[in-house]
$ cat query.cif   # mmCIF, C-alpha atoms
data_my_file
loop_
_atom_site.group_PDB
_atom_site.id
_atom_site.type_symbol
_atom_site.label_atom_id
_atom_site.label_comp_id
_atom_site.auth_asym_id
_atom_site.auth_seq_id
_atom_site.Cartn_x
_atom_site.Cartn_y
_atom_site.Cartn_z
ATOM 1 C CA MET A 1 -144.754 22.897 32.793
ATOM 2 C CA GLU A 2 -144.767 25.184 29.772
ATOM 3 C CA ALA A 3 -142.226 24.582 27.008
ATOM 4 C CA ASP A 4 -140.208 27.703 27.869
ATOM 5 C CA GLN A 5 -140.060 26.620 31.519
ATOM 6 C CA VAL A 6 -138.740 23.204 30.502
ATOM 7 C CA LEU A 7 -136.183 24.734 28.138
ATOM 8 C CA ALA A 8 -134.895 27.146 30.787
ATOM 9 C CA HIS A 9 -134.549 24.490 33.489
ATOM 10 C CA PRO A 10 -130.896 24.134 34.597
ATOM 11 C CA ALA A 11 -131.177 20.328 34.739
ATOM 12 C CA LEU A 12 -132.676 19.927 31.265
ATOM 13 C CA GLY A 13 -129.397 18.931 29.585
ATOM 14 C CA THR A 14 -128.754 16.082 32.005
ATOM 15 C CA CYS A 15 -132.377 14.902 31.982
ATOM 16 C CA VAL A 16 -132.704 14.978 28.199
ATOM 17 C CA ARG A 17 -129.419 13.139 27.793
ATOM 18 C CA ARG A 18 -130.706 10.355 30.039
ATOM 19 C CA GLN A 19 -133.955 10.328 28.101
ATOM 20 C CA ALA A 20 -132.045 9.996 24.827
ATOM 21 C CA GLU A 21 -130.163 7.003 26.228
ATOM 22 C CA ALA A 22 -133.430 5.391 27.344
ATOM 23 C CA LEU A 23 -135.074 5.977 23.955
ATOM 24 C CA MET A 24 -132.081 4.403 22.219
ATOM 25 C CA GLN A 25 -132.369 1.330 24.447
ATOM 26 C CA LEU A 26 -136.069 1.106 23.642
ATOM 27 C CA HIS A 27 -135.274 1.221 19.929
ATOM 28 C CA GLN A 28 -132.459 -1.324 20.169
ATOM 29 C CA ALA A 29 -134.631 -3.768 22.135
ATOM 30 C CA SER A 30 -137.054 -4.009 19.228
ATOM 31 C CA PRO A 31 -136.077 -2.079 16.087
ATOM 32 C CA ARG A 32 -138.987 -3.467 14.077
ATOM 33 C CA LEU A 33 -141.536 -2.518 16.687
ATOM 34 C CA ALA A 34 -140.015 0.949 16.935
ATOM 35 C CA SER A 35 -140.308 1.454 13.157
ATOM 36 C CA PRO A 36 -143.580 3.465 13.365
ATOM 37 C CA PHE A 37 -141.554 6.150 15.124
ATOM 38 C CA ALA A 38 -138.600 5.980 12.713
ATOM 39 C CA THR A 39 -139.370 9.230 10.888
ATOM 40 C CA GLN A 40 -141.319 12.371 11.724
ATOM 41 C CA GLN A 41 -143.965 11.432 9.169
ATOM 42 C CA ARG A 42 -144.481 7.899 10.479
ATOM 43 C CA TRP A 43 -144.367 9.064 14.091
ATOM 44 C CA LEU A 44 -147.130 11.603 13.532
ATOM 45 C CA MET A 45 -149.235 9.126 11.538
ATOM 46 C CA SER A 46 -148.834 6.595 14.348
ATOM 47 C CA GLN A 47 -149.856 9.109 16.995
ATOM 48 C CA ALA A 48 -152.884 10.255 14.984
ATOM 49 C CA ALA A 49 -153.993 6.688 14.239
ATOM 50 C CA LEU A 50 -153.606 5.582 17.856
ATOM 51 C CA ALA A 51 -155.651 8.554 19.023
ATOM 52 C CA GLN A 52 -158.484 7.644 16.668
ATOM 53 C CA TYR A 53 -158.300 3.993 17.723
ATOM 54 C CA PHE A 54 -158.567 4.860 21.421
ATOM 55 C CA ARG A 55 -161.482 7.209 20.756
ATOM 56 C CA ASN A 56 -163.263 4.550 18.706
ATOM 57 C CA GLU A 57 -162.793 2.059 21.530
ATOM 58 C CA ALA A 58 -164.143 4.534 24.073
ATOM 59 C CA ALA A 59 -167.274 4.970 21.956
ATOM 60 C CA ALA A 60 -167.741 1.269 21.150
ATOM 61 C CA ALA A 61 -165.408 -1.376 22.552
ATOM 62 C CA GLY A 62 -164.062 -3.737 19.904
ATOM 63 C CA SER A 63 -164.692 -1.368 16.998
ATOM 64 C CA GLY A 64 -160.984 -0.980 16.229
ATOM 65 C CA LEU A 65 -159.779 1.173 13.352
ATOM 66 C CA LEU A 66 -160.150 0.822 9.589
ATOM 67 C CA ALA A 67 -157.280 1.296 7.150
ATOM 68 C CA GLN A 68 -159.290 3.843 5.170
ATOM 69 C CA ARG A 69 -159.766 5.865 8.320
ATOM 70 C CA VAL A 70 -155.978 6.076 8.797
ATOM 71 C CA VAL A 71 -155.632 7.265 5.200
ATOM 72 C CA ASP A 72 -158.323 9.887 5.775
ATOM 73 C CA ILE A 73 -156.581 11.091 8.947
ATOM 74 C CA ALA A 74 -153.216 11.368 7.174
ATOM 75 C CA LEU A 75 -154.769 13.368 4.345
ATOM 76 C CA ARG A 76 -156.745 15.657 6.656
ATOM 77 C CA HIS A 77 -153.669 16.581 8.655
ATOM 78 C CA GLY A 78 -151.397 16.776 5.621
ATOM 79 C CA LEU A 79 -149.141 14.016 6.943
ATOM 80 C CA ALA A 80 -148.822 11.848 3.838
ATOM 81 C CA SER A 81 -150.291 11.040 0.453
ATOM 82 C CA ARG A 82 -153.028 8.445 0.077
ATOM 83 C CA ASN A 83 -150.608 5.821 -1.261
ATOM 84 C CA THR A 84 -147.999 6.468 1.426
ATOM 85 C CA ALA A 85 -150.564 6.200 4.223
ATOM 86 C CA ALA A 86 -152.028 2.989 2.775
ATOM 87 C CA ALA A 87 -148.553 1.455 2.430
ATOM 88 C CA PHE A 88 -147.812 2.437 6.024
ATOM 89 C CA VAL A 89 -150.869 0.543 7.285
ATOM 90 C CA SER A 90 -149.947 -2.517 5.195
ATOM 91 C CA GLU A 91 -146.460 -2.551 6.674
ATOM 92 C CA MET A 92 -147.795 -2.263 10.215
ATOM 93 C CA LEU A 93 -150.059 -5.271 9.586
ATOM 94 C CA LYS A 94 -147.247 -7.258 7.981
ATOM 95 C CA TYR A 95 -145.002 -6.946 11.010
ATOM 96 C CA ASP A 96 -147.754 -7.436 13.611
ATOM 97 C CA ILE A 97 -147.435 -3.914 14.939
ATOM 98 C CA VAL A 98 -151.185 -3.819 14.451
ATOM 99 C CA ARG A 99 -153.407 -6.841 13.861
ATOM 100 C CA HIS A 100 -156.902 -7.506 12.582
ATOM 101 C CA ILE A 101 -159.493 -7.833 15.289
ATOM 102 C CA ALA A 102 -160.438 -11.441 15.966
ATOM 103 C CA GLY A 103 -163.678 -12.492 14.328
ATOM 104 C CA SER A 104 -163.523 -9.843 11.599
ATOM 105 C CA ALA A 105 -162.318 -12.189 8.838
ATOM 106 C CA GLY A 106 -165.653 -12.130 7.019
ATOM 107 C CA ASN A 107 -165.967 -8.358 7.006
ATOM 108 C CA ARG A 108 -165.438 -6.485 3.782
ATOM 109 C CA ALA A 109 -163.340 -3.923 5.630
ATOM 110 C CA ARG A 110 -161.504 -5.512 8.534
ATOM 111 C CA PRO A 111 -160.803 -3.281 11.529
ATOM 112 C CA PHE A 112 -157.475 -3.628 13.291
ATOM 113 C CA GLU A 113 -155.989 -2.813 16.690
ATOM 114 C CA PRO A 114 -152.492 -2.301 18.126
ATOM 115 C CA SER A 115 -150.773 -5.517 19.166
ATOM 116 C CA PRO A 116 -150.110 -6.038 22.896
ATOM 117 C CA ARG A 117 -146.392 -5.459 22.257
ATOM 118 C CA THR A 118 -147.162 -2.130 20.579
ATOM 119 C CA LEU A 119 -149.278 -0.966 23.488
ATOM 120 C CA ALA A 120 -146.542 -2.027 25.923
ATOM 121 C CA MET A 121 -143.966 -0.002 23.985
ATOM 122 C CA LEU A 122 -146.283 3.011 23.872
ATOM 123 C CA LEU A 123 -146.725 2.808 27.642
ATOM 124 C CA HIS A 124 -142.948 2.576 28.083
ATOM 125 C CA TRP A 125 -142.397 5.539 25.749
ATOM 126 C CA LEU A 126 -144.830 7.638 27.761
ATOM 127 C CA ALA A 127 -143.291 6.545 31.069
ATOM 128 C CA LEU A 128 -139.822 7.622 29.877
ATOM 129 C CA HIS A 129 -141.024 11.140 29.130
ATOM 130 C CA LEU A 130 -142.960 11.395 32.381
ATOM 131 C CA ALA A 131 -139.787 10.349 34.219
ATOM 132 C CA THR A 132 -137.956 13.237 32.538
ATOM 133 C CA LEU A 133 -140.623 15.676 33.715
ATOM 134 C CA ASP A 134 -140.423 14.203 37.218
ATOM 135 C CA ALA A 135 -136.663 14.700 37.246
ATOM 136 C CA LEU A 136 -137.177 18.375 36.406
ATOM 137 C CA ASP A 137 -139.697 19.227 39.110
ATOM 138 C CA GLY A 138 -139.696 16.313 41.555
ATOM 139 C CA GLY A 139 -143.150 15.153 40.472
ATOM 140 C CA GLN A 140 -144.701 11.685 40.660
ATOM 141 C CA ARG A 141 -146.104 11.364 37.157
ATOM 142 C CA SER A 142 -144.326 8.123 36.209
ATOM 143 C CA ALA A 143 -145.395 6.478 39.472
ATOM 144 C CA ALA A 144 -148.977 7.624 38.904
ATOM 145 C CA LEU A 145 -148.997 6.116 35.416
ATOM 146 C CA ALA A 146 -147.524 2.863 36.737
ATOM 147 C CA ALA A 147 -150.340 2.745 39.306
ATOM 148 C CA GLN A 148 -153.014 3.551 36.708
ATOM 149 C CA PRO A 149 -151.805 2.243 33.302
ATOM 150 C CA ALA A 150 -155.403 1.907 32.138
ATOM 151 C CA LEU A 151 -155.426 5.692 31.696
ATOM 152 C CA LEU A 152 -153.113 5.404 28.677
ATOM 153 C CA PRO A 153 -156.091 5.446 26.235
ATOM 154 C CA LEU A 154 -157.187 8.756 27.752
ATOM 155 C CA ILE A 155 -153.776 10.415 27.776
ATOM 156 C CA GLN A 156 -152.496 9.432 24.330
ATOM 157 C CA PRO A 157 -155.233 11.108 22.243
ATOM 158 C CA LEU A 158 -154.574 14.386 24.053
ATOM 159 C CA ILE A 159 -150.860 14.030 23.322
ATOM 160 C CA ALA A 160 -151.607 13.386 19.658
ATOM 161 C CA ASP A 161 -153.864 16.438 19.497
ATOM 162 C CA GLY A 162 -151.096 18.577 20.963
ATOM 163 C CA LEU A 163 -148.440 17.224 18.620
ATOM 164 C CA LEU A 164 -150.570 17.713 15.521
ATOM 165 C CA ALA A 165 -151.530 21.240 16.560
ATOM 166 C CA SER A 166 -147.945 22.326 17.280
ATOM 167 C CA ARG A 167 -146.127 24.216 14.553
ATOM 168 C CA GLU A 168 -142.834 23.508 16.324
ATOM 169 C CA VAL A 169 -143.509 19.775 16.077
ATOM 170 C CA ARG A 170 -144.921 19.793 12.563
ATOM 171 C CA LYS A 171 -142.315 22.158 11.100
ATOM 172 C CA PRO A 172 -138.993 21.609 12.900
ATOM 173 C CA SER A 173 -136.171 23.903 11.906
ATOM 174 C CA ARG A 174 -132.629 23.575 10.638
ATOM 175 C CA THR A 175 -130.695 20.461 11.666
ATOM 176 C CA PHE A 176 -133.599 18.847 13.492
ATOM 177 C CA SER A 177 -135.648 18.934 10.303
ATOM 178 C CA LEU A 178 -132.716 17.500 8.343
ATOM 179 C CA PHE A 179 -132.721 14.300 10.408
ATOM 180 C CA THR A 180 -136.387 13.810 11.299
ATOM 181 C CA TRP A 181 -137.438 12.937 7.756
ATOM 182 C CA VAL A 182 -134.998 10.048 7.217
ATOM 183 C CA ASN A 183 -135.313 6.532 8.615
ATOM 184 C CA ASP A 184 -134.129 6.432 12.219
ATOM 185 C CA GLY A 185 -133.070 10.063 11.959
ATOM 186 C CA GLY A 186 -134.476 10.722 15.408
ATOM 187 C CA VAL A 187 -132.385 7.876 16.788
ATOM 188 C CA VAL A 188 -129.288 9.390 15.156
ATOM 189 C CA MET A 189 -129.925 12.613 17.047
ATOM 190 C CA ASP A 190 -130.609 10.696 20.264
ATOM 191 C CA ARG A 191 -127.279 8.914 19.821
ATOM 192 C CA LEU A 192 -125.396 12.165 19.282
ATOM 193 C CA ILE A 193 -126.978 13.792 22.333
ATOM 194 C CA ALA A 194 -126.456 10.702 24.495
ATOM 195 C CA GLY A 195 -122.814 10.674 23.418
ATOM 196 C CA CYS A 196 -122.051 14.253 24.442
ATOM 197 C CA ARG A 197 -119.004 14.181 26.696
ATOM 198 C CA GLN A 198 -119.076 17.728 27.996
ATOM 199 C CA GLN A 199 -121.139 18.362 31.112
ATOM 200 C CA GLU A 200 -124.441 20.043 30.321
ATOM 201 C CA ASP A 201 -124.024 22.892 32.801
ATOM 202 C CA GLU A 202 -120.749 23.960 31.159
ATOM 203 C CA THR A 203 -122.546 25.065 28.004
ATOM 204 C CA ARG A 204 -126.028 25.826 29.303
ATOM 205 C CA ASN A 205 -125.529 29.580 29.170
ATOM 206 C CA ASP A 206 -124.110 29.339 25.655
ATOM 207 C CA GLU A 207 -126.992 27.098 24.616
ATOM 208 C CA ALA A 208 -129.554 29.603 25.855
ATOM 209 C CA GLY A 209 -128.100 31.960 23.287
ATOM 210 C CA ALA A 210 -128.281 29.233 20.623
ATOM 211 C CA GLY A 211 -124.675 29.460 19.682
ATOM 212 C CA GLU A 212 -123.021 32.218 21.706
ATOM 213 C CA THR A 213 -119.542 31.218 22.776
ATOM 214 C CA GLY A 214 -118.135 31.221 26.296
ATOM 215 C CA SER A 215 -114.825 30.747 28.024
ATOM 216 C CA GLY A 216 -112.954 27.544 28.772
ATOM 217 C CA ASP A 217 -111.220 25.071 26.505
ATOM 218 C CA SER A 218 -111.014 25.446 22.729
ATOM 219 C CA ASP A 219 -114.149 23.382 22.077
ATOM 220 C CA ALA A 220 -116.214 25.536 24.433
ATOM 221 C CA VAL A 221 -114.866 28.717 22.835
ATOM 222 C CA LEU A 222 -115.879 27.396 19.414
ATOM 223 C CA GLY A 223 -119.355 26.519 20.669
ATOM 224 C CA ARG A 224 -118.797 22.780 20.281
ATOM 225 C CA VAL A 225 -119.643 19.791 22.449
ATOM 226 C CA MET A 226 -117.570 16.656 21.877
ATOM 227 C CA THR A 227 -119.299 13.281 21.516
ATOM 228 C CA ASP A 228 -118.063 9.702 21.804
ATOM 229 C CA VAL A 229 -119.149 8.930 18.214
ATOM 230 C CA THR A 230 -116.012 8.194 16.204
ATOM 231 C CA ALA A 231 -117.069 6.465 12.980
ATOM 232 C CA VAL A 232 -119.922 6.720 10.487
ATOM 233 C CA SER A 233 -119.830 2.983 9.841
ATOM 234 C CA GLY A 234 -120.213 2.132 13.516
ATOM 235 C CA LEU A 235 -123.127 4.505 13.908
ATOM 236 C CA ALA A 236 -124.845 3.279 10.739
ATOM 237 C CA LEU A 237 -124.421 -0.360 11.764
ATOM 238 C CA ARG A 238 -126.559 0.166 14.860
ATOM 239 C CA LEU A 239 -129.318 1.921 12.945
ATOM 240 C CA ASN A 240 -131.574 1.304 9.995
ATOM 241 C CA LEU A 241 -129.349 3.377 7.713
ATOM 242 C CA SER A 242 -126.721 2.650 5.113
ATOM 243 C CA ARG A 243 -123.293 4.190 5.637
ATOM 244 C CA THR A 244 -123.757 6.198 2.451
ATOM 245 C CA GLN A 245 -127.139 7.580 3.481
ATOM 246 C CA LEU A 246 -125.981 8.465 6.983
ATOM 247 C CA GLY A 247 -122.753 9.997 5.659
ATOM 248 C CA ARG A 248 -124.755 12.196 3.294
ATOM 249 C CA LYS A 249 -126.945 13.516 6.120
ATOM 250 C CA LEU A 250 -123.965 14.125 8.383
ATOM 251 C CA ALA A 251 -122.240 15.998 5.567
ATOM 252 C CA ALA A 252 -125.319 18.199 5.115
ATOM 253 C CA ALA A 253 -125.391 18.923 8.849
ATOM 254 C CA GLU A 254 -121.660 19.657 8.730
ATOM 255 C CA ALA A 255 -122.212 22.172 5.943
ATOM 256 C CA MET A 256 -124.724 23.919 8.226
ATOM 257 C CA GLY A 257 -122.133 24.109 10.992
ATOM 258 C CA SER A 258 -124.208 21.845 13.240
ATOM 259 C CA LEU A 259 -121.588 19.129 13.643
ATOM 260 C CA GLY A 260 -118.150 18.168 12.453
ATOM 261 C CA TRP A 261 -115.141 15.955 12.946
ATOM 262 C CA SER A 262 -112.400 16.800 15.403
ATOM 263 C CA GLY A 263 -109.813 15.184 13.151
ATOM 264 C CA ARG A 264 -109.986 13.013 10.054
ATOM 265 C CA ARG A 265 -113.504 13.095 8.639
ATOM 266 C CA GLY A 266 -115.441 9.957 9.508
ATOM 267 C CA ARG A 267 -112.637 8.514 11.639
ATOM 268 C CA SER A 268 -112.337 10.858 14.604
ATOM 269 C CA PRO A 269 -114.607 12.009 17.444
ATOM 270 C CA LEU A 270 -117.620 13.936 16.226
ATOM 271 C CA TRP A 271 -118.655 17.226 17.795
ATOM 272 C CA VAL A 272 -122.071 18.858 17.775
ATOM 273 C CA SER A 273 -122.601 22.590 17.933
ATOM 274 C CA VAL A 274 -124.167 24.277 20.931
ATOM 275 C CA GLY A 275 -126.784 25.618 18.522
ATOM 276 C CA PHE A 276 -127.736 22.132 17.335
ATOM 277 C CA ARG A 277 -128.005 20.858 20.874
ATOM 278 C CA HIS A 278 -130.213 23.839 21.664
ATOM 279 C CA GLU A 279 -132.469 22.825 18.734
ATOM 280 C CA TYR A 280 -132.714 19.321 20.157
ATOM 281 C CA HIS A 281 -133.471 20.586 23.660
ATOM 282 C CA LYS A 282 -136.087 22.996 22.339
ATOM 283 C CA ALA A 283 -137.842 20.229 20.402
ATOM 284 C CA GLN A 284 -137.827 18.002 23.469
ATOM 285 C CA SER A 285 -139.174 20.849 25.598
ATOM 286 C CA VAL A 286 -142.148 21.327 23.291
ATOM 287 C CA LYS A 287 -142.894 17.597 23.291
ATOM 288 C CA LEU A 288 -142.516 17.309 27.061
ATOM 289 C CA ALA A 289 -144.849 20.257 27.640
ATOM 290 C CA ILE A 290 -147.496 18.664 25.414
ATOM 291 C CA ILE A 291 -147.172 15.371 27.271
ATOM 292 C CA ASP A 292 -147.348 17.124 30.641
ATOM 293 C CA ALA A 293 -150.508 19.004 29.667
ATOM 294 C CA ALA A 294 -152.178 15.798 28.491
ATOM 295 C CA PHE A 295 -151.158 13.990 31.671
ATOM 296 C CA GLU A 296 -152.455 16.763 33.901
ATOM 297 C CA ALA A 297 -155.764 16.922 32.023
ATOM 298 C CA CYS A 298 -156.347 13.225 32.748
ATOM 299 C CA PHE A 299 -155.140 13.078 36.335
ATOM 300 C CA GLU A 300 -156.230 16.472 37.603
ATOM 301 C CA GLY A 301 -159.014 17.400 35.216
ATOM 302 C CA GLU A 302 -162.343 15.883 34.381
ATOM 303 C CA HIS A 303 -161.519 12.519 35.944
ATOM 304 C CA GLY A 304 -160.764 14.115 39.294
ATOM 305 C CA LEU A 305 -157.927 11.713 40.119
ATOM 306 C CA GLY A 306 -155.014 13.520 41.727
ATOM 307 C CA ILE A 307 -151.489 12.241 41.220
ATOM 308 C CA SER A 308 -151.037 11.491 44.894
ATOM 309 C CA ASP A 309 -154.317 9.553 44.871
ATOM 310 C CA ALA A 310 -153.175 7.498 41.885
ATOM 311 C CA VAL A 311 -149.820 6.669 43.465
ATOM 312 C CA SER A 312 -151.436 5.537 46.703
ATOM 313 C CA ALA A 313 -154.299 3.685 45.021
#
$ encode --input "query.cif" --output "structure tokens"
Amino acid sequence: MEADQVLAHPALGTCVRRQAEALMQLHQASPRLASPFATQQRWLMSQAALAQYFRNEAAAAGSGLLAQRVVDIALRHGLASRNTAAAFVSEMLKYDIVRHIAGSAGNRARPFEPSPRTLAMLLHWLALHLATLDALDGGQRSAALAAQPALLPLIQPLIADGLLASREVRKPSRTFSLFTWVNDGGVVMDRLIAGCRQQEDETRNDEAGAGETGSGDSDAVLGRVMTDVTAVSGLALRLNLSRTQLGRKLAAAEAMGSLGWSGRRGRSPLWVSVGFRHEYHKAQSVKLAIIDAAFEACFEGEHGLGISDAVSA
């Protein structure tokens, strides 16, 4: 599915909302393990590093990945400075998100590999997105991956290539960009989308116009979708953000007209604009299309393994 096909699908709102809920649960189950995906910068560095690791392993099993190689990748793709990339690797080692390869203690430069828990989370992350694609077109991608999980090292590098090559991913616009560069900013957006009370089909036509208003109640006329988020402190408590930091970002988004409070600021239900939700859906559509292309290349391309074959294997 191409990104514009995903975005235009009438069931996208419902499917993406369920995906947001699942991603939040994944984060809450292990916040520390989810930290590589906490910001746009760290997420892209993680994807790029994993891709290089899997390619190294395909060329020579047990070779792992060197810290300097991660720094080089970050610099080549313009993801981070040398110091930021090096600090990122050190943090990943500290919290056992990656670990040094056994038997490499005497090496001057010790290669490392993702921990089993990290690989399990990556597989779960991929399965969640494949399930969203399946819900859109009735496919069997998630079942195929469950039947052939060993194909993860083939799929992930293609996903990383697509993400790094996408301008929409690298340079998100407006409100999406505001949140993606702060810790757990993506989870904040997931929480807002998961908390939308209004049915997706009621505003789908408005959303397609990125902010055009429709008929109905006052919120719909104003191009707003109510959420069940009622307090900054409660939202911040569940995330890796201080109340002050989160409040500052919400205030910036409010100034852009992307969200606001239905009553007393910070102590009443929060609404998000139809335009903001369209931004979120568009970003998810681009990501889902990249994942779908990578999946198809592995299952239907050079490996010659059809989805139905994988499911029945």
$ atom_distance --input "query.cif" --atom1 "atom CA of His9 of chain A" --atom2 "atom CA of Gly186 of chain A"
22.7 Å
$ closest_residue --input "query.cif" --among "A:Val70, A:Ala143, A:Leu151, A:Ala60" --to "Leu130 of chain A" --atoms "only C-alpha atoms"
A:Ala143
$ resolve_selection --input "query.cif" --expression "the PyMOL selection byres ((chain A and resi 92-108) around 10)" --output "short mmCIF file (atom, residue, chain, number, x, y, z; two decimals) with C-alpha atoms, in the frame of the given file"
data_model
loop_
_atom_site.label_atom_id
_atom_site.label_comp_id
_atom_site.auth_asym_id
_atom_site.auth_seq_id
_atom_site.Cartn_x
_atom_site.Cartn_y
_atom_site.Cartn_z
CA ARG A 32 -138.99 -3.47 14.08
CA LEU A 33 -141.54 -2.52 16.69
CA ALA A 34 -140.01 0.95 16.93
CA SER A 35 -140.31 1.45 13.16
CA PRO A 36 -143.58 3.46 13.36
CA SER A 46 -148.83 6.60 14.35
CA GLY A 62 -164.06 -3.74 19.90
CA SER A 63 -164.69 -1.37 17.00
CA GLY A 64 -160.98 -0.98 16.23
CA LEU A 65 -159.78 1.17 13.35
CA LEU A 66 -160.15 0.82 9.59
CA ALA A 87 -148.55 1.46 2.43
CA PHE A 88 -147.81 2.44 6.02
CA VAL A 89 -150.87 0.54 7.28
CA SER A 90 -149.95 -2.52 5.20
CA GLU A 91 -146.46 -2.55 6.67
CA ALA A 109 -163.34 -3.92 5.63
CA ARG A 110 -161.50 -5.51 8.53
CA PRO A 111 -160.80 -3.28 11.53
CA PHE A 112 -157.48 -3.63 13.29
CA GLU A 113 -155.99 -2.81 16.69
CA PRO A 114 -152.49 -2.30 18.13
CA SER A 115 -150.77 -5.52 19.17
CA PRO A 116 -150.11 -6.04 22.90
CA ARG A 117 -146.39 -5.46 22.26
CA THR A 118 -147.16 -2.13 20.58
CA LEU A 119 -149.28 -0.97 23.49
#
$ atom_distance --input "query.cif" --atom1 "atom CA of Ala22 of chain A" --atom2 "atom CA of Leu126 of chain A"
11.6 Å
$ resolve_selection --input "query.cif" --expression "the PyMOL selection byres ((chain A and resi 20) around 12)" --output "number ranges by chain"
A: 12-19, 21-27, 125, 128-129, 132, 186-196, 280-281, 284
$ atom_distance --input "query.cif" --atom1 "atom CA of Ala38 of chain A" --atom2 "atom CA of Asp184 of chain A"
4.5 Å
$ build_atoms --input "query.cif" --residues "segment 13-26 of chain A" --atoms "N, CA, C and O atoms" --output "PDB file, keeping the file's coordinate frame"
ATOM      1  N   GLY A  13    -130.420  19.636  30.357  1.00  0.00           N
ATOM      2  CA  GLY A  13    -129.397  18.931  29.585  1.00  0.00           C
ATOM      3  C   GLY A  13    -129.159  17.531  30.105  1.00  0.00           C
ATOM      4  O   GLY A  13    -129.152  16.568  29.341  1.00  0.00           O
ATOM      5  N   THR A  14    -128.990  17.396  31.403  1.00  0.00           N
ATOM      6  CA  THR A  14    -128.754  16.082  32.005  1.00  0.00           C
ATOM      7  C   THR A  14    -129.958  15.176  31.829  1.00  0.00           C
ATOM      8  O   THR A  14    -129.825  13.998  31.468  1.00  0.00           O
ATOM      9  N   CYS A  15    -131.156  15.708  32.066  1.00  0.00           N
ATOM     10  CA  CYS A  15    -132.377  14.902  31.982  1.00  0.00           C
ATOM     11  C   CYS A  15    -132.655  14.442  30.555  1.00  0.00           C
ATOM     12  O   CYS A  15    -133.045  13.293  30.317  1.00  0.00           O
ATOM     13  N   VAL A  16    -132.455  15.330  29.596  1.00  0.00           N
ATOM     14  CA  VAL A  16    -132.704  14.978  28.199  1.00  0.00           C
ATOM     15  C   VAL A  16    -131.667  13.978  27.696  1.00  0.00           C
ATOM     16  O   VAL A  16    -131.975  13.098  26.892  1.00  0.00           O
ATOM     17  N   ARG A  17    -130.444  14.105  28.187  1.00  0.00           N
ATOM     18  CA  ARG A  17    -129.419  13.139  27.793  1.00  0.00           C
ATOM     19  C   ARG A  17    -129.795  11.737  28.282  1.00  0.00           C
ATOM     20  O   ARG A  17    -129.668  10.749  27.553  1.00  0.00           O
ATOM     21  N   ARG A  18    -130.266  11.648  29.514  1.00  0.00           N
ATOM     22  CA  ARG A  18    -130.706  10.355  30.039  1.00  0.00           C
ATOM     23  C   ARG A  18    -131.906   9.833  29.259  1.00  0.00           C
ATOM     24  O   ARG A  18    -132.022   8.636  28.987  1.00  0.00           O
ATOM     25  N   GLN A  19    -132.800  10.722  28.897  1.00  0.00           N
ATOM     26  CA  GLN A  19    -133.955  10.328  28.101  1.00  0.00           C
ATOM     27  C   GLN A  19    -133.519   9.793  26.742  1.00  0.00           C
ATOM     28  O   GLN A  19    -134.063   8.791  26.254  1.00  0.00           O
ATOM     29  N   ALA A  20    -132.550  10.453  26.118  1.00  0.00           N
ATOM     30  CA  ALA A  20    -132.045   9.996  24.827  1.00  0.00           C
ATOM     31  C   ALA A  20    -131.461   8.589  24.943  1.00  0.00           C
ATOM     32  O   ALA A  20    -131.670   7.738  24.068  1.00  0.00           O
ATOM     33  N   GLU A  21    -130.723   8.342  26.012  1.00  0.00           N
ATOM     34  CA  GLU A  21    -130.163   7.003  26.228  1.00  0.00           C
ATOM     35  C   GLU A  21    -131.269   5.974  26.386  1.00  0.00           C
ATOM     36  O   GLU A  21    -131.200   4.861  25.831  1.00  0.00           O
ATOM     37  N   ALA A  22    -132.323   6.318  27.124  1.00  0.00           N
ATOM     38  CA  ALA A  22    -133.430   5.391  27.344  1.00  0.00           C
ATOM     39  C   ALA A  22    -134.196   5.127  26.047  1.00  0.00           C
ATOM     40  O   ALA A  22    -134.604   3.984  25.775  1.00  0.00           O
ATOM     41  N   LEU A  23    -134.389   6.155  25.230  1.00  0.00           N
ATOM     42  CA  LEU A  23    -135.074   5.977  23.955  1.00  0.00           C
ATOM     43  C   LEU A  23    -134.253   5.101  23.007  1.00  0.00           C
ATOM     44  O   LEU A  23    -134.808   4.302  22.247  1.00  0.00           O
ATOM     45  N   MET A  24    -132.939   5.263  23.035  1.00  0.00           N
ATOM     46  CA  MET A  24    -132.081   4.403  22.219  1.00  0.00           C
ATOM     47  C   MET A  24    -132.199   2.945  22.639  1.00  0.00           C
ATOM     48  O   MET A  24    -132.279   2.044  21.797  1.00  0.00           O
ATOM     49  N   GLN A  25    -132.224   2.695  23.943  1.00  0.00           N
ATOM     50  CA  GLN A  25    -132.369   1.330  24.447  1.00  0.00           C
ATOM     51  C   GLN A  25    -133.705   0.739  24.039  1.00  0.00           C
ATOM     52  O   GLN A  25    -133.797  -0.443  23.688  1.00  0.00           O
ATOM     53  N   LEU A  26    -134.744   1.555  24.062  1.00  0.00           N
ATOM     54  CA  LEU A  26    -136.069   1.106  23.642  1.00  0.00           C
ATOM     55  C   LEU A  26    -136.055   0.723  22.170  1.00  0.00           C
ATOM     56  O   LEU A  26    -136.622  -0.305  21.776  1.00  0.00           O
TER      57      LEU A  26
END
